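Colleague: Have a look at this one before I ask anything.
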Amino acid sequence: MSVTGSASERAGVPTAARGSADRRAGAPTAALGPAVRAELAEAGIWLALVAFGLAGTALLASTDVDLGLTRPPWHDGWEPRLDPLVVVPLAVAAVVIALTAWWASTIRPPAQPGDTTPTADVVPGAATAPDTAPSAASTAPTDSSTTTTTHTAPPTTPAARSVVFRLPWSVLLLLGYLGSLAWSLALALVAPGDLTAGLRAPADLLAAAGAVGDDPLGLLAAYTTTTPHAAAGAVAVLPAHPPGPVLATWLLTRAGLHGAVAIGVLFTALGALTVPVVCVAMRSLCHETAARRLVPVLVLAPWSGWLAASPDAVTATLAALAVAVGVVGCEPERRSVWWALASGLLLGLAALFGYAPVWLGVAVAAAYFVRRRPLLNVITGLGALLPLWLFYAWGFSWPDGLALASAPRPSAGAALAWIFLDLTVLVLATGPVAVRAARRLRLTPGWPFLVGATATVLFAVALGLAEGGVERSWLPVFPWLLVAAVAPRPRPARPGDRLQAGSLPVILVSLNAIGALALRLCLGGPPA
């Protein structure tokens, strides 16, 4: 050691603490470069996929393949325009991105081996822990990248101060719901037409509900005989959906809710519940840190533009509730039989609103096996069949309705073309965050969600349910495809680590918002 010594040595700062402080001082600079480069690379991959998909779509449109669409891949077509109301979604996106960026800037990088100082995230509502011994609140689980390790340090060391996350989980979920609702409504304002054009429920749905009259059982009995067969490229509600949306709209009108806009806004409000429900399921199967960081990813999702006024938004919420109730209910400390039954009932209700989302039940089944409770599959399966049996007793056969919803395929070439178009829509609707999720598939404990979403997509493609309007009919699937985006990379060294999660992808979330706005300004209006 030098006779004079450094300033820190003269101040009596231990060498280990000094080295730890040096590492923390250099960590943000060292971590920022690779993190930004990784996000930019993922954004570049997404842009390349989008360019390839749109080029292939233009090529298909120039061929003689009968797709049933005039301007694929959208039923709504292309209608580029400028809209002064774009300032509304821009303002919503700016607020969410600013909060997300501030949150990301306060997340300290994972502690290096030998680092003996606390690390924690700083988010709204943070509180500073004492310089000395930690309080009970400061040792509770927090949204942090690593476990908070407390060691004795001189009270005068500023780096020893630990800032602990204090925003309650329920408040974060509420903010996520409000953010998703505001984003969906704001995007609906820039749809072609008048101010409320993007908030109107589908006209054919309202007409079908009005034709029910005082005989809802008559609708069920005649549903499969009076409903026309689905055609490729068509997105009419009746052939593509079971009678659930029609009956729900009929009940709303009987309850006093009249008008396409009022019903459309209610559909939007119900669909925005998907964000907190998915995060609840994520928290149970993964951990709270990952679930917290998933909230802003889902809030500014590009598919929110199709969430507004769509009956598929209600389907997405019902399916998400079925998965969340099943996953939370199979936790060891719960009376899982009743939870499994409730999950099955919700899954059966979702099946009465859409044919493909019932396959999200595969995620529940996988979670049961992960937690070694496979017998719960029997309870959930019976619960899912109860609504279908009840509707069958009233005259509606779910398999017959599924046959009507399956669009006939004129040729193998058309079927392959539709698969390509569906994948293009999937890339555009999930945004660049989907690239990060794809690169971290093997790192997330939430793989059951991905298995369920994949099974749903494969079922829809195999039966011809994905040949038109998948931007809306796949709303129940899109959120689950992004759960791996917040998986930690590299994989935590300790098995069962419940604190580490991937960094907040601020750049990718920002591109999500830009992509959503660009889509809304380029697409035509919703189906009349």
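Labels used: A, B, ... for chains in the order of the structure tokens, numbers from 1 for residues in each chain, and numbers from 1 for ligands as shown.
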Quick one: residues within 12 Å of A:Asp204, only C-alpha atoms, excluding same-chain residues fewer than 3 positions away - as a list of chain:residue names?

Modeller: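 Here the answer would be A:Arg200, A:Ala201, A:Ala207, A:Ala208, A:Ala209, A:Gly210, A:Ala211, A:Thr227, A:Val235, A:Ala236, A:Val237, A:Leu238, A:Pro239, A:Ala240, A:Pro245, A:Val246, A:Thr249, A:Ala260, A:Pro311, A:Pro527, A:Ala528.
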
Colleague: If we count only C-alpha atoms and set the cut-off at 9 Å, which residues sit around A:Asp422, ignoring sequence neighbours fewer than 3 positions away in its own chain? Please answer as a list in words.

Modeller: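 Here the answer would be Pro73, Ala417, Trp418, Ile419, Val425, Leu426, Val427, Val461, Ala466, Glu467, Gly468, Gly469, Val470 and Glu471 of chain A.
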
Colleague: Atom CA of A:Ser397 to atom CA of A:Ala320: how many Å, to one decimal?

Modeller: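 Those two atoms sit 24.1 Å apart.
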
Colleague: Can you pull out every residue within 12 Å of A:Ala516, counting only C-alpha atoms, but drop anything in the same chain fewer than 5 positions away, and send it as a PyMOL selection string?

Modeller: chain A and resi 86+89-90+93+183-184+186-188+190-191+299-307+427-432+509-511+521-523

Colleague: Between A:Ser473, A:Thr274, A:Ser406, A:Ser310, which has the minimum distance to A:His229 (counting only C-alpha atoms)?

Modeller: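 Comparing A:Ser473, A:Thr274, A:Ser406, A:Ser310 against A:His229, the winner is A:Ser406.
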
Colleague: Between atom CA of A:Ala414 and atom CA of A:Gly68, what is the spacing in Å?

Modeller: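 That distance, rounded to one decimal, is 9.9 Å.
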
Colleague: Could you tell me how far atom CA of A:Leu382 sits from atom CA of A:Ala342, in Å to one decimal place?

Modeller: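 The value is 10.4 Å.
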
Colleague: List the neighbours of A:Trp339 out to 10 Å using only C-alpha atoms; skip same-chain residues closer than 2 positions along the sequence, and give me the result as a list in words.

Modeller: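 Once the nearby chain positions are removed, what remains is Ala322, Ala324, Val325, Gly326, Val327, Val328, Gly329, Cys330, Glu331, Arg334, Arg335, Ser336, Val337, Leu341, Ala342, Ser343, Gly344, Leu345, Leu376, Ile379 and Thr380 of chain A.
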
Colleague: Go ahead and save the picked residues with N, CA and C atoms, as a PDB file, in the first residue's frame.

Modeller:
ATOM      1  N   ALA A 322     -59.660 -17.758 -17.737  1.00  0.00           N
ATOM      2  CA  ALA A 322     -59.620 -19.210 -17.585  1.00  0.00           C
ATOM      3  C   ALA A 322     -58.205 -19.691 -17.288  1.00  0.00           C
ATOM      4  N   ALA A 324     -55.626 -17.821 -16.113  1.00  0.00           N
ATOM      5  CA  ALA A 324     -55.138 -17.274 -14.844  1.00  0.00           C
ATOM      6  C   ALA A 324     -55.744 -17.996 -13.649  1.00  0.00           C
ATOM      7  N   VAL A 325     -57.041 -18.268 -13.686  1.00  0.00           N
ATOM      8  CA  VAL A 325     -57.680 -18.964 -12.567  1.00  0.00           C
ATOM      9  C   VAL A 325     -57.109 -20.377 -12.419  1.00  0.00           C
ATOM     10  N   GLY A 326     -56.880 -21.052 -13.539  1.00  0.00           N
ATOM     11  CA  GLY A 326     -56.304 -22.389 -13.459  1.00  0.00           C
ATOM     12  C   GLY A 326     -54.892 -22.383 -12.919  1.00  0.00           C
ATOM     13  N   VAL A 327     -54.075 -21.438 -13.386  1.00  0.00           N
ATOM     14  CA  VAL A 327     -52.679 -21.388 -12.948  1.00  0.00           C
ATOM     15  C   VAL A 327     -52.570 -20.976 -11.482  1.00  0.00           C
ATOM     16  N   VAL A 328     -53.309 -19.940 -11.103  1.00  0.00           N
ATOM     17  CA  VAL A 328     -53.273 -19.500  -9.699  1.00  0.00           C
ATOM     18  C   VAL A 328     -53.886 -20.566  -8.790  1.00  0.00           C
ATOM     19  N   GLY A 329     -54.938 -21.212  -9.259  1.00  0.00           N
ATOM     20  CA  GLY A 329     -55.625 -22.182  -8.421  1.00  0.00           C
ATOM     21  C   GLY A 329     -54.846 -23.440  -8.140  1.00  0.00           C
ATOM     22  N   CYS A 330     -53.862 -23.775  -8.984  1.00  0.00           N
ATOM     23  CA  CYS A 330     -53.088 -24.992  -8.724  1.00  0.00           C
ATOM     24  C   CYS A 330     -51.863 -24.734  -7.870  1.00  0.00           C
ATOM     25  N   GLU A 331     -51.757 -23.532  -7.305  1.00  0.00           N
ATOM     26  CA  GLU A 331     -50.683 -23.287  -6.346  1.00  0.00           C
ATOM     27  C   GLU A 331     -50.875 -24.183  -5.129  1.00  0.00           C
ATOM     28  N   ARG A 334     -53.627 -23.677  -2.157  1.00  0.00           N
ATOM     29  CA  ARG A 334     -55.028 -23.389  -2.470  1.00  0.00           C
ATOM     30  C   ARG A 334     -55.862 -24.657  -2.570  1.00  0.00           C
ATOM     31  N   ARG A 335     -57.188 -24.483  -2.389  1.00  0.00           N
ATOM     32  CA  ARG A 335     -58.128 -25.580  -2.601  1.00  0.00           C
ATOM     33  C   ARG A 335     -58.403 -25.671  -4.104  1.00  0.00           C
ATOM     34  N   SER A 336     -57.589 -26.435  -4.754  1.00  0.00           N
ATOM     35  CA  SER A 336     -57.490 -26.361  -6.201  1.00  0.00           C
ATOM     36  C   SER A 336     -58.707 -26.914  -6.926  1.00  0.00           C
ATOM     37  N   VAL A 337     -59.518 -27.750  -6.276  1.00  0.00           N
ATOM     38  CA  VAL A 337     -60.651 -28.349  -6.982  1.00  0.00           C
ATOM     39  C   VAL A 337     -61.610 -27.270  -7.463  1.00  0.00           C
ATOM     40  N   LEU A 341     -62.417 -26.084 -11.310  1.00  0.00           N
ATOM     41  CA  LEU A 341     -63.776 -26.064 -11.850  1.00  0.00           C
ATOM     42  C   LEU A 341     -64.100 -24.691 -12.436  1.00  0.00           C
ATOM     43  N   ALA A 342     -63.718 -23.623 -11.710  1.00  0.00           N
ATOM     44  CA  ALA A 342     -63.966 -22.263 -12.222  1.00  0.00           C
ATOM     45  C   ALA A 342     -63.191 -22.014 -13.509  1.00  0.00           C
ATOM     46  N   SER A 343     -61.960 -22.509 -13.566  1.00  0.00           N
ATOM     47  CA  SER A 343     -61.176 -22.361 -14.789  1.00  0.00           C
ATOM     48  C   SER A 343     -61.864 -23.054 -15.959  1.00  0.00           C
ATOM     49  N   GLY A 344     -62.387 -24.257 -15.716  1.00  0.00           N
ATOM     50  CA  GLY A 344     -63.088 -24.967 -16.777  1.00  0.00           C
ATOM     51  C   GLY A 344     -64.345 -24.250 -17.236  1.00  0.00           C
ATOM     52  N   LEU A 345     -65.105 -23.710 -16.300  1.00  0.00           N
ATOM     53  CA  LEU A 345     -66.316 -22.971 -16.674  1.00  0.00           C
ATOM     54  C   LEU A 345     -65.982 -21.749 -17.527  1.00  0.00           C
ATOM     55  N   LEU A 376     -56.222 -32.502 -11.745  1.00  0.00           N
ATOM     56  CA  LEU A 376     -57.057 -31.314 -11.897  1.00  0.00           C
ATOM     57  C   LEU A 376     -57.526 -31.133 -13.336  1.00  0.00           C
ATOM     58  N   ILE A 379     -61.124 -32.175 -13.614  1.00  0.00           N
ATOM     59  CA  ILE A 379     -62.088 -31.187 -13.102  1.00  0.00           C
ATOM     60  C   ILE A 379     -62.258 -30.044 -14.096  1.00  0.00           C
ATOM     61  N   THR A 380     -61.127 -29.538 -14.604  1.00  0.00           N
ATOM     62  CA  THR A 380     -61.204 -28.440 -15.571  1.00  0.00           C
ATOM     63  C   THR A 380     -61.904 -28.874 -16.847  1.00  0.00           C
TER      64      THR A 380
END

Colleague: List every residue of stretch 326-475 of chain A that DSSP, applied to the backbone of this structure, places in helix (DSSP H, G or I), and write the result as a ChimeraX atom specification.

Modeller: /A:326-329,336-351,356-370,376-393,398-405,412-430,433-439,441-443,447-462,470-473

Colleague: Tell me, as a tab-separated table (two decimals) with all heavy atoms, in the first residue's frame, which residues lie within 12 Å of A:Leu508, counting only C-alpha atoms; anything in the same chain fewer than 2 positions away does not count.

Modeller:
chain	number	residue	atom	x	y	z
A	35	ALA	N	-27.04	-3.73	-24.00
A	35	ALA	CA	-28.50	-3.76	-23.93
A	35	ALA	C	-29.12	-3.00	-25.10
A	35	ALA	O	-30.06	-3.47	-25.74
A	35	ALA	CB	-28.97	-3.17	-22.60
A	36	VAL	N	-28.59	-1.82	-25.38
A	36	VAL	CA	-29.12	-1.03	-26.49
A	36	VAL	C	-28.85	-1.73	-27.82
A	36	VAL	O	-29.71	-1.79	-28.70
A	36	VAL	CB	-28.52	0.39	-26.48
A	36	VAL	CG1	-28.91	1.15	-27.73
A	36	VAL	CG2	-28.97	1.15	-25.23
A	37	ARG	N	-27.64	-2.28	-27.95
A	37	ARG	CA	-27.32	-2.98	-29.20
A	37	ARG	C	-28.23	-4.18	-29.41
A	37	ARG	O	-28.65	-4.47	-30.54
A	37	ARG	CB	-25.85	-3.43	-29.19
A	37	ARG	CG	-24.86	-2.30	-29.40
A	37	ARG	CD	-23.49	-2.82	-29.76
A	37	ARG	NE	-22.94	-3.66	-28.70
A	37	ARG	CZ	-22.20	-3.21	-27.71
A	37	ARG	NH1	-21.93	-1.91	-27.62
A	37	ARG	NH2	-21.72	-4.03	-26.79
A	38	ALA	N	-28.53	-4.89	-28.32
A	38	ALA	CA	-29.42	-6.05	-28.45
A	38	ALA	C	-30.82	-5.62	-28.89
A	38	ALA	O	-31.43	-6.25	-29.76
A	38	ALA	CB	-29.49	-6.80	-27.12
A	39	GLU	N	-31.33	-4.54	-28.31
A	39	GLU	CA	-32.66	-4.07	-28.70
A	39	GLU	C	-32.68	-3.58	-30.14
A	39	GLU	O	-33.63	-3.83	-30.89
A	39	GLU	CB	-33.12	-2.95	-27.76
A	39	GLU	CG	-33.47	-3.42	-26.36
A	39	GLU	CD	-34.25	-2.38	-25.59
A	39	GLU	OE1	-35.35	-2.02	-26.04
A	39	GLU	OE2	-33.76	-1.93	-24.54
A	40	LEU	N	-31.62	-2.89	-30.55
A	40	LEU	CA	-31.57	-2.42	-31.93
A	40	LEU	C	-31.48	-3.59	-32.90
A	40	LEU	O	-32.08	-3.56	-33.99
A	40	LEU	CB	-30.38	-1.48	-32.12
A	40	LEU	CG	-30.47	-0.13	-31.39
A	40	LEU	CD1	-29.20	0.68	-31.60
A	40	LEU	CD2	-31.69	0.66	-31.86
A	41	ALA	N	-30.74	-4.63	-32.52
A	41	ALA	CA	-30.66	-5.82	-33.38
A	41	ALA	C	-32.01	-6.49	-33.49
A	41	ALA	O	-32.43	-6.92	-34.59
A	41	ALA	CB	-29.61	-6.79	-32.83
A	42	GLU	N	-32.72	-6.59	-32.38
A	42	GLU	CA	-34.05	-7.21	-32.41
A	42	GLU	C	-35.03	-6.36	-33.22
A	42	GLU	O	-35.87	-6.91	-33.96
A	42	GLU	CB	-34.55	-7.42	-30.98
A	42	GLU	CG	-33.80	-8.52	-30.25
A	42	GLU	CD	-33.86	-8.39	-28.74
A	42	GLU	OE1	-34.32	-7.35	-28.23
A	42	GLU	OE2	-33.45	-9.34	-28.05
A	43	ALA	N	-34.91	-5.05	-33.11
A	43	ALA	CA	-35.75	-4.18	-33.92
A	43	ALA	C	-35.44	-4.35	-35.41
A	43	ALA	O	-36.34	-4.36	-36.25
A	43	ALA	CB	-35.57	-2.73	-33.51
A	44	GLY	N	-34.14	-4.51	-35.73
A	44	GLY	CA	-33.77	-4.73	-37.12
A	44	GLY	C	-34.31	-6.04	-37.66
A	44	GLY	O	-34.76	-6.10	-38.82
A	45	ILE	N	-34.28	-7.08	-36.85
A	45	ILE	CA	-34.83	-8.37	-37.27
A	45	ILE	C	-36.33	-8.22	-37.54
A	45	ILE	O	-36.85	-8.74	-38.54
A	45	ILE	CB	-34.57	-9.44	-36.20
A	45	ILE	CG1	-33.06	-9.72	-36.09
A	45	ILE	CG2	-35.32	-10.74	-36.52
A	45	ILE	CD1	-32.71	-10.64	-34.94
A	46	TRP	N	-37.02	-7.51	-36.67
A	46	TRP	CA	-38.46	-7.34	-36.85
A	46	TRP	C	-38.76	-6.55	-38.13
A	46	TRP	O	-39.66	-6.91	-38.90
A	46	TRP	CB	-39.05	-6.62	-35.65
A	46	TRP	CG	-40.53	-6.39	-35.75
A	46	TRP	CD1	-41.52	-7.31	-35.59
A	46	TRP	CD2	-41.18	-5.15	-36.06
A	46	TRP	NE1	-42.75	-6.72	-35.77
A	46	TRP	CE2	-42.57	-5.41	-36.05
A	46	TRP	CE3	-40.72	-3.86	-36.31
A	46	TRP	CZ2	-43.50	-4.40	-36.31
A	46	TRP	CZ3	-41.65	-2.86	-36.57
A	46	TRP	CH2	-43.01	-3.14	-36.56
A	47	LEU	N	-38.00	-5.50	-38.37
A	47	LEU	CA	-38.22	-4.71	-39.58
A	47	LEU	C	-37.95	-5.55	-40.83
A	47	LEU	O	-38.66	-5.42	-41.84
A	47	LEU	CB	-37.32	-3.47	-39.57
A	47	LEU	CG	-37.69	-2.39	-38.55
A	47	LEU	CD1	-36.64	-1.29	-38.53
A	47	LEU	CD2	-39.07	-1.81	-38.85
A	97	ILE	N	-44.28	5.63	-22.29
A	97	ILE	CA	-42.86	5.40	-22.60
A	97	ILE	C	-41.97	6.17	-21.62
A	97	ILE	O	-40.93	5.65	-21.18
A	97	ILE	CB	-42.57	5.83	-24.05
A	97	ILE	CG1	-43.27	4.86	-25.01
A	97	ILE	CG2	-41.08	5.83	-24.32
A	97	ILE	CD1	-43.23	5.31	-26.46
A	100	THR	N	-41.95	4.28	-18.42
A	100	THR	CA	-41.20	3.04	-18.58
A	100	THR	C	-39.71	3.31	-18.63
A	100	THR	O	-38.90	2.58	-18.04
A	100	THR	CB	-41.66	2.31	-19.86
A	100	THR	OG1	-43.07	2.10	-19.80
A	100	THR	CG2	-40.96	0.97	-19.99
A	101	ALA	N	-39.30	4.36	-19.35
A	101	ALA	CA	-37.89	4.69	-19.44
A	101	ALA	C	-37.33	5.11	-18.09
A	101	ALA	O	-36.20	4.73	-17.71
A	101	ALA	CB	-37.68	5.81	-20.47
A	296	PRO	N	-45.83	-2.79	-18.92
A	296	PRO	CA	-45.72	-1.80	-19.99
A	296	PRO	C	-45.57	-2.42	-21.37
A	296	PRO	O	-45.94	-1.79	-22.38
A	296	PRO	CB	-44.46	-1.00	-19.61
A	296	PRO	CG	-43.68	-1.90	-18.72
A	296	PRO	CD	-44.69	-2.71	-17.98
A	297	VAL	N	-45.04	-3.64	-21.45
A	297	VAL	CA	-44.92	-4.33	-22.74
A	297	VAL	C	-46.30	-4.58	-23.33
A	297	VAL	O	-46.53	-4.41	-24.54
A	297	VAL	CB	-44.14	-5.64	-22.57
A	297	VAL	CG1	-44.17	-6.46	-23.85
A	297	VAL	CG2	-42.70	-5.35	-22.17
A	298	LEU	N	-47.25	-5.00	-22.49
A	298	LEU	CA	-48.59	-5.30	-22.97
A	298	LEU	C	-49.44	-4.05	-23.16
A	298	LEU	O	-50.35	-4.04	-24.00
A	298	LEU	CB	-49.30	-6.24	-21.99
A	298	LEU	CG	-48.67	-7.63	-21.78
A	298	LEU	CD1	-49.53	-8.45	-20.82
A	298	LEU	CD2	-48.51	-8.35	-23.11
A	300	LEU	N	-48.72	-1.04	-24.44
A	300	LEU	CA	-48.56	-0.39	-25.73
A	300	LEU	C	-48.47	-1.39	-26.88
A	300	LEU	O	-47.80	-1.14	-27.89
A	300	LEU	CB	-47.31	0.50	-25.72
A	300	LEU	CG	-47.39	1.75	-24.84
A	300	LEU	CD1	-46.12	2.58	-24.97
A	300	LEU	CD2	-48.60	2.61	-25.19
A	301	ALA	N	-49.12	-2.51	-26.74
A	301	ALA	CA	-49.06	-3.54	-27.78
A	301	ALA	C	-49.75	-3.06	-29.06
A	301	ALA	O	-50.79	-2.41	-29.00
A	301	ALA	CB	-49.71	-4.82	-27.28
A	302	PRO	N	-49.21	-3.40	-30.24
A	302	PRO	CA	-49.85	-2.97	-31.49
A	302	PRO	C	-51.24	-3.54	-31.70
A	302	PRO	O	-52.06	-2.93	-32.40
A	302	PRO	CB	-48.87	-3.48	-32.56
A	302	PRO	CG	-47.56	-3.60	-31.87
A	302	PRO	CD	-47.88	-4.01	-30.46
A	430	THR	N	-47.86	-8.23	-33.07
A	430	THR	CA	-47.12	-8.40	-31.82
A	430	THR	C	-45.93	-7.46	-31.69
A	430	THR	O	-45.42	-7.24	-30.59
A	430	THR	CB	-46.62	-9.85	-31.68
A	430	THR	OG1	-45.90	-10.21	-32.86
A	430	THR	CG2	-47.79	-10.80	-31.50
A	431	GLY	N	-45.47	-6.88	-32.79
A	431	GLY	CA	-44.43	-5.88	-32.73
A	431	GLY	C	-43.05	-6.45	-32.51
A	431	GLY	O	-42.85	-7.66	-32.40
A	432	PRO	N	-42.05	-5.57	-32.41
A	432	PRO	CA	-40.67	-6.03	-32.27
A	432	PRO	C	-40.38	-6.75	-30.96
A	432	PRO	O	-39.40	-7.47	-30.86
A	432	PRO	CB	-39.86	-4.73	-32.38
A	432	PRO	CG	-40.81	-3.64	-32.05
A	432	PRO	CD	-42.15	-4.11	-32.52
A	433	VAL	N	-41.22	-6.55	-29.94
A	433	VAL	CA	-41.01	-7.27	-28.68
A	433	VAL	C	-41.12	-8.78	-28.91
A	433	VAL	O	-40.51	-9.57	-28.19
A	433	VAL	CB	-42.03	-6.80	-27.62
A	433	VAL	CG1	-41.87	-7.57	-26.32
A	433	VAL	CG2	-41.85	-5.31	-27.35
A	434	ALA	N	-41.88	-9.19	-29.93
A	434	ALA	CA	-42.02	-10.61	-30.21
A	434	ALA	C	-40.69	-11.23	-30.61
A	434	ALA	O	-40.46	-12.42	-30.35
A	434	ALA	CB	-43.05	-10.83	-31.32
A	435	VAL	N	-39.80	-10.46	-31.22
A	435	VAL	CA	-38.48	-10.98	-31.58
A	435	VAL	C	-37.68	-11.29	-30.32
A	435	VAL	O	-37.04	-12.35	-30.21
A	435	VAL	CB	-37.73	-9.98	-32.47
A	435	VAL	CG1	-36.33	-10.48	-32.78
A	435	VAL	CG2	-38.50	-9.74	-33.76
A	436	ARG	N	-37.73	-10.38	-29.35
A	436	ARG	CA	-37.04	-10.67	-28.08
A	436	ARG	C	-37.65	-11.88	-27.40
A	436	ARG	O	-36.93	-12.73	-26.86
A	436	ARG	CB	-37.14	-9.46	-27.15
A	436	ARG	CG	-36.79	-9.76	-25.71
A	436	ARG	CD	-36.51	-8.54	-24.89
A	436	ARG	NE	-35.25	-7.93	-25.30
A	436	ARG	CZ	-34.57	-7.06	-24.55
A	436	ARG	NH1	-35.03	-6.71	-23.36
A	436	ARG	NH2	-33.45	-6.54	-24.98
A	437	ALA	N	-38.97	-12.00	-27.43
A	437	ALA	CA	-39.61	-13.15	-26.81
A	437	ALA	C	-39.18	-14.45	-27.50
A	437	ALA	O	-38.94	-15.46	-26.84
A	437	ALA	CB	-41.13	-13.00	-26.87
A	485	ALA	N	-40.52	-12.29	-23.26
A	485	ALA	CA	-39.73	-11.09	-23.51
A	485	ALA	C	-39.08	-10.55	-22.25
A	485	ALA	O	-38.08	-9.82	-22.32
A	485	ALA	CB	-40.62	-10.01	-24.13
A	486	VAL	N	-39.59	-10.88	-21.08
A	486	VAL	CA	-39.03	-10.39	-19.83
A	486	VAL	C	-38.28	-11.50	-19.09
A	486	VAL	O	-38.00	-11.38	-17.90
A	486	VAL	CB	-40.13	-9.80	-18.92
A	486	VAL	CG1	-40.68	-8.52	-19.51
A	486	VAL	CG2	-41.26	-10.80	-18.70
A	503	SER	N	-34.40	-7.10	-18.59
A	503	SER	CA	-34.54	-5.65	-18.51
A	503	SER	C	-35.77	-5.18	-19.27
A	503	SER	O	-36.29	-5.87	-20.14
A	503	SER	CB	-33.28	-4.98	-19.08
A	503	SER	OG	-33.12	-5.36	-20.45
A	504	LEU	N	-36.22	-4.00	-18.92
A	504	LEU	CA	-37.36	-3.41	-19.62
A	504	LEU	C	-36.92	-2.98	-21.02
A	504	LEU	O	-36.03	-2.14	-21.17
A	504	LEU	CB	-37.88	-2.20	-18.85
A	504	LEU	CG	-38.79	-2.49	-17.66
A	504	LEU	CD1	-38.98	-1.24	-16.83
A	504	LEU	CD2	-40.13	-3.02	-18.13
A	505	PRO	N	-37.52	-3.53	-22.07
A	505	PRO	CA	-37.11	-3.19	-23.44
A	505	PRO	C	-37.73	-1.87	-23.90
A	505	PRO	O	-38.68	-1.85	-24.69
A	505	PRO	CB	-37.62	-4.37	-24.26
A	505	PRO	CG	-38.82	-4.86	-23.52
A	505	PRO	CD	-38.54	-4.59	-22.06
A	506	VAL	N	-37.20	-0.76	-23.42
A	506	VAL	CA	-37.80	0.54	-23.68
A	506	VAL	C	-37.82	0.86	-25.17
A	506	VAL	O	-38.82	1.37	-25.71
A	506	VAL	CB	-37.05	1.64	-22.90
A	506	VAL	CG1	-37.69	3.00	-23.15
A	506	VAL	CG2	-37.05	1.32	-21.41
A	510	SER	N	-41.17	1.34	-27.37
A	510	SER	CA	-41.40	2.57	-28.15
A	510	SER	C	-41.71	2.25	-29.60
A	510	SER	O	-42.61	2.85	-30.21
A	510	SER	CB	-40.16	3.47	-28.06
A	510	SER	OG	-39.85	3.76	-26.71
A	511	LEU	N	-40.98	1.29	-30.18
A	511	LEU	CA	-41.26	0.88	-31.55
A	511	LEU	C	-42.63	0.21	-31.66
A	511	LEU	O	-43.29	0.30	-32.71
A	511	LEU	CB	-40.16	-0.05	-32.05
A	511	LEU	CG	-38.81	0.61	-32.32
A	511	LEU	CD1	-37.78	-0.43	-32.73
A	511	LEU	CD2	-38.94	1.67	-33.41
A	512	ASN	N	-43.04	-0.49	-30.61
A	512	ASN	CA	-44.40	-1.04	-30.59
A	512	ASN	C	-45.43	0.06	-30.80
A	512	ASN	O	-46.36	-0.06	-31.60
A	512	ASN	CB	-44.66	-1.73	-29.24
A	512	ASN	CG	-44.38	-3.21	-29.28
A	512	ASN	OD1	-43.96	-3.75	-30.29
A	512	ASN	ND2	-44.61	-3.88	-28.18
A	513	ALA	N	-45.26	1.16	-30.04
A	513	ALA	CA	-46.21	2.27	-30.15
A	513	ALA	C	-46.15	2.91	-31.53
A	513	ALA	O	-47.19	3.23	-32.14
A	513	ALA	CB	-45.92	3.29	-29.06
A	514	ILE	N	-44.94	3.11	-32.05
A	514	ILE	CA	-44.80	3.71	-33.38
A	514	ILE	C	-45.44	2.81	-34.44
A	514	ILE	O	-46.15	3.28	-35.34
A	514	ILE	CB	-43.32	3.97	-33.68
A	514	ILE	CG1	-42.76	5.01	-32.71
A	514	ILE	CG2	-43.13	4.41	-35.13
A	514	ILE	CD1	-41.26	5.21	-32.83
A	515	GLY	N	-45.19	1.50	-34.32
A	515	GLY	CA	-45.78	0.57	-35.28
A	515	GLY	C	-47.30	0.56	-35.22
A	515	GLY	O	-47.97	0.49	-36.25

Colleague: Report as an MDAnalysis selection string all protein, DNA and RNA residues lying within 9 Å of A:Leu220, evaluated on only C-alpha atoms, omitting residues in the same chain fewer than 6 positions from it.

Modeller: chainID A and resid 243 391:392 394:397

Colleague: Store the residues of this selection in a file with N, CA and C atoms, as a JSON list (two decimals), in the first residue's frame.

Modeller:
[["chain", "number", "residue", "atom", "x", "y", "z"],
["A", 243, "PRO", "N", -72.55, -18.53, -30.87],
["A", 243, "PRO", "CA", -73.59, -17.52, -30.60],
["A", 243, "PRO", "C", -73.32, -16.66, -29.36],
["A", 391, "PHE", "N", -75.67, -25.48, -23.71],
["A", 391, "PHE", "CA", -76.08, -24.91, -24.99],
["A", 391, "PHE", "C", -76.55, -26.00, -25.96],
["A", 392, "TYR", "N", -75.98, -27.18, -25.85],
["A", 392, "TYR", "CA", -76.44, -28.29, -26.70],
["A", 392, "TYR", "C", -77.88, -28.66, -26.33],
["A", 394, "TRP", "N", -80.02, -26.65, -25.32],
["A", 394, "TRP", "CA", -80.86, -25.57, -25.82],
["A", 394, "TRP", "C", -80.90, -25.52, -27.36],
["A", 395, "GLY", "N", -80.15, -26.41, -28.01],
["A", 395, "GLY", "CA", -80.26, -26.50, -29.47],
["A", 395, "GLY", "C", -79.02, -26.17, -30.26],
["A", 396, "PHE", "N", -77.95, -25.67, -29.61],
["A", 396, "PHE", "CA", -76.74, -25.30, -30.36],
["A", 396, "PHE", "C", -75.69, -26.39, -30.22],
["A", 397, "SER", "N", -75.23, -26.92, -31.34],
["A", 397, "SER", "CA", -74.17, -27.93, -31.37],
["A", 397, "SER", "C", -72.84, -27.24, -31.68]]
